[in-house]
Amino acid sequence: MAGSITIFLDRCNGCTLCVKACPFDAIHMANKKAVIDMAKCTLCGACVEVCELNAIELKKDAGVKKDLSLYKDVWVFCEQKKGVIQSISFELLGEGRKLADKLGVKLCAVMLGSAVESRIAELAERGADKIYIADHPALQSFQDDPYTEVLVKLAEEYLPEIILCGATVIGRSLVSRVAVRLNAGLTADCTALDIAEKERLLLQTRPAFGGNIMAVIITPNHRPQMATVRHKVMKEAAIDKARKAEVIRKNYPDEVMKSRTRLVDIVAEIEETVNLAEADIVVSGGRGLGGPENFAMIRELAKTLNGAVGASRAAVDADWIPYSHQVGQTGKTVVPKLYLACGISGQIQHLIGDEGRKVPDPRFQGE
Ligand SMILES: Cc1cc2nc3c(=O)[nH]c(=O)nc-3n(C[C@H](O)[C@H](O)[C@H](O)COP(=O)(O)OP(=O)(O)OC[C@H]3O[C@@H](n4cnc5c(N)ncnc54)[C@H](O)[C@@H]3O)c2cc1C
């Protein structure tokens, strides 16, 4: 938000109320007068509200108001790896269908890649009415710069009302950049989505305050409304082989594909047990294991049960096991039928990772 903030030094009596109220640590006292660090200030106005002497003045620029009615359709960014569409995309198409129907607009799939033409039918079968394809060798594997540039260009040209994206490593990296470029709101890690039909608002539900409440977030003043959704939280769209979609192929010049980073190689992690995100049985280890060597027991048990190996952040932070095994708020979401936690206390940030479990939450008593 653009604007300005001014401190009237003649009114400021150095009470420090504004220093305490600032959530961004942007105010300090110098010679008993408040000084604002503009590198940290977000113009949130918390200081203005507490100042009893009206010594702070905040002016927010109204800016050019967007005509929100120009924005139409629900877009799903469909993630592909080596040309294979990731299942999160089908989950988002399933949810996107419901949202698009409520809004009376089209459900659109957006796919970036190289030689991905053959995947179009799959997206149509999963319910996309329209498919935007950007095909270029530089888009073969995900890279922040070209992917961001292309998605921004598409959104600026076609003005989607909603953009949904998986809360995956790729999705999180991409869509946050896109949201900044589009000056749009973004709600990360949603667990439910709905539409307030009268206002045409996307209701974005996500855990807040350590998972103690479910917050419903809306984006009334900006478009597109953007949200990421975790893997396995929503149901995949059913396949309907008879469905066809309109396809819009976009070609962008090489300069759009420029990247400040160079992708050297993609090294697949060798998974000895089954994939964590898909597993019916997960055996996880935490700090209580006492050391990395004890993960051997976890691996053995997981293998015996045909399950996957998970871990708490404490174990990952201690370098006992790679991050790809982390379950929880900042790790993976799992939906097993059975979750065995060994040496894990069950902090809320860990429990969030297995919200979809089929067996009632044991709260990890008697580890
Ligand atoms: C923003 C944020 C995001 C986070 N994201 C995640 C996340 O994604 N995933 C995650 O896991 N955490 C996350 N955390 C960290 C989380 O809060 C906990 O610190 C972490 O989950 C604790 O890991 P733990 O259960 O292994 O360790 P501890 O809490 O230390 O628990 C160890 C457990 O082992 C038991 N124990 C000790 N010895 C033995 C023994 N010999 N036999 C059996 N049991 C034993 C103890 O009684 C205890 O219950 C996050 C935190 C924050 C602030």
# chains A, B, ... in the order shown; residues from 1 in each chain; ligands from 1
$ residues_near_ligand --ligand "ligand 1" --cutoff "8 Å" --atoms "only C-alpha atoms and all ligand atoms" --output "NGL selection string"
:A and (210 or 285-290 or 311-315 or 326-332 or 342-353 or 366-367)
$ residues_around --residues "A:Ile56" --least-positions-apart "2" --cutoff "8 Å" --atoms "only C-alpha atoms" --output "ChimeraX atom specification"
/A:5-8,47-48,51,54,58
$ write_last_selection --atoms "C-alpha atoms" --output "mmCIF file, in the first residue's frame"
data_model
loop_
_atom_site.group_PDB
_atom_site.id
_atom_site.type_symbol
_atom_site.label_atom_id
_atom_site.label_comp_id
_atom_site.auth_asym_id
_atom_site.auth_seq_id
_atom_site.Cartn_x
_atom_site.Cartn_y
_atom_site.Cartn_z
ATOM 1 C CA ILE A 5 3.348 8.682 7.596
ATOM 2 C CA THR A 6 4.383 11.787 9.497
ATOM 3 C CA ILE A 7 5.317 12.377 13.137
ATOM 4 C CA PHE A 8 4.579 15.878 14.454
ATOM 5 C CA CYS A 47 0.709 3.517 15.966
ATOM 6 C CA VAL A 48 -1.842 6.112 14.879
ATOM 7 C CA CYS A 51 -1.234 7.882 19.956
ATOM 8 C CA ASN A 54 -2.589 12.807 17.543
ATOM 9 C CA LEU A 58 -1.072 8.434 8.138
#
$ select_by_dssp --residues "stretch 82-268 of chain A" --states "strand (DSSP E)" --output "ChimeraX atom specification"
/A:84-85,107-113,130-135,160-166,185-190,192-196,201-208,213-217,225-229,246-250
$ closest_residue --among "A:Gly94, A:Pro207, A:Gly3, A:Gly307" --to "A:Ala128" --atoms "only C-alpha atoms"
A:Gly94
$ residues_around --residues "stretch 103-111 of chain A" --least-positions-apart "2" --cutoff "7 Å" --atoms "only C-alpha atoms" --output "ChimeraX atom specification"
/A:72-79,96-97,99-101,113,123,128-134,197,200
$ residues_around --residues "A:Asp10" --least-positions-apart "5" --cutoff "12 Å" --atoms "only C-alpha atoms" --output "PyMOL selection string"
chain A and resi 32-34+53-56
$ atom_distance --atom1 "atom CA of A:Thr16" --atom2 "atom CA of A:Met38"
17.5 Å
$ closest_residue --among "A:Ile120, A:Ile298, A:Ala227, A:Leu182" --to "A:Leu154" --atoms "only C-alpha atoms"
A:Leu182
$ residues_around --residues "A:Arg262" --least-positions-apart "5" --cutoff "12 Å" --atoms "only C-alpha atoms" --output "ChimeraX atom specification"
/A:138,141-146,257
$ write_last_selection --atoms "C-alpha atoms" --output "PDB file, in the first residue's frame"
ATOM      1  CA  ALA A 138      12.700 -23.186 -20.691  1.00  0.00           C
ATOM      2  CA  SER A 141      11.131 -27.914 -15.185  1.00  0.00           C
ATOM      3  CA  PHE A 142       9.979 -25.368 -12.659  1.00  0.00           C
ATOM      4  CA  GLN A 143      12.108 -22.263 -12.329  1.00  0.00           C
ATOM      5  CA  ASP A 144      10.934 -19.231 -10.388  1.00  0.00           C
ATOM      6  CA  ASP A 145      11.611 -16.462 -12.897  1.00  0.00           C
ATOM      7  CA  PRO A 146      10.128 -17.762 -16.159  1.00  0.00           C
ATOM      8  CA  MET A 257      11.954 -17.045 -20.233  1.00  0.00           C
TER       9      MET A 257
END
$ closest_residue --among "A:Arg172, A:Arg119, A:Arg206, A:His231" --to "A:Ile218" --atoms "only C-alpha atoms"
A:Arg206
$ closest_residue --among "A:Lys303, A:Lys40, A:His28, A:Lys102" --to "A:Glu199" --atoms "only C-alpha atoms"
A:Lys102
$ residues_around --residues "A:Arg177" --least-positions-apart "4" --cutoff "8 Å" --atoms "only C-alpha atoms" --output "list in words"
Thr148, Ser173 and Arg181 of chain A
$ write_last_selection --atoms "N, CA and C atoms" --output "compact mmCIF listing (two decimals), in the first residue's frame"
# COMPACT_ATOMS: atom_id res chain seq x y z
N THR A 148 7.04 -17.45 -13.10
CA THR A 148 6.35 -16.26 -12.55
C THR A 148 5.97 -15.33 -13.68
N SER A 173 6.43 -21.36 -3.89
CA SER A 173 7.46 -20.47 -4.41
C SER A 173 6.89 -19.60 -5.54
N ARG A 181 3.43 -9.58 -7.69
CA ARG A 181 3.46 -8.88 -8.99
C ARG A 181 2.06 -8.38 -9.38
$ select_by_dssp --residues "stretch 33-279 of chain A" --states "helix (DSSP H, G or I)" --output "PyMOL selection string"
chain A and resi 46-50+68-70+87-103+117-125+137-139+144-158+169-182+254-257+276-278
$ atom_distance --atom1 "atom CA of A:Val229" --atom2 "atom CA of A:Val169"
11.8 Å
$ atom_distance --atom1 "atom CA of A:Leu151" --atom2 "atom CA of A:Val175"
8.8 Å
$ residues_around --residues "A:Ala121" --least-positions-apart "3" --cutoff "9 Å" --atoms "only C-alpha atoms" --output "list in words"
Glu117, Ser118, Ala124, Glu125, Arg126, Lys241, Arg243, Lys244 and Ala245 of chain A
$ closest_atom_pairs --of "stretch 56-154 of chain A" --to "stretch 220-223 of chain A" --cutoff "8 Å" --atoms "only C-alpha atoms" --output "tab-separated table"
residue	atom	partner	partner_atom	distance
A:Lys66	CA	A:His222	CA	7.3
A:Leu68	CA	A:Arg223	CA	6.5
A:Tyr71	CA	A:Arg223	CA	7.0
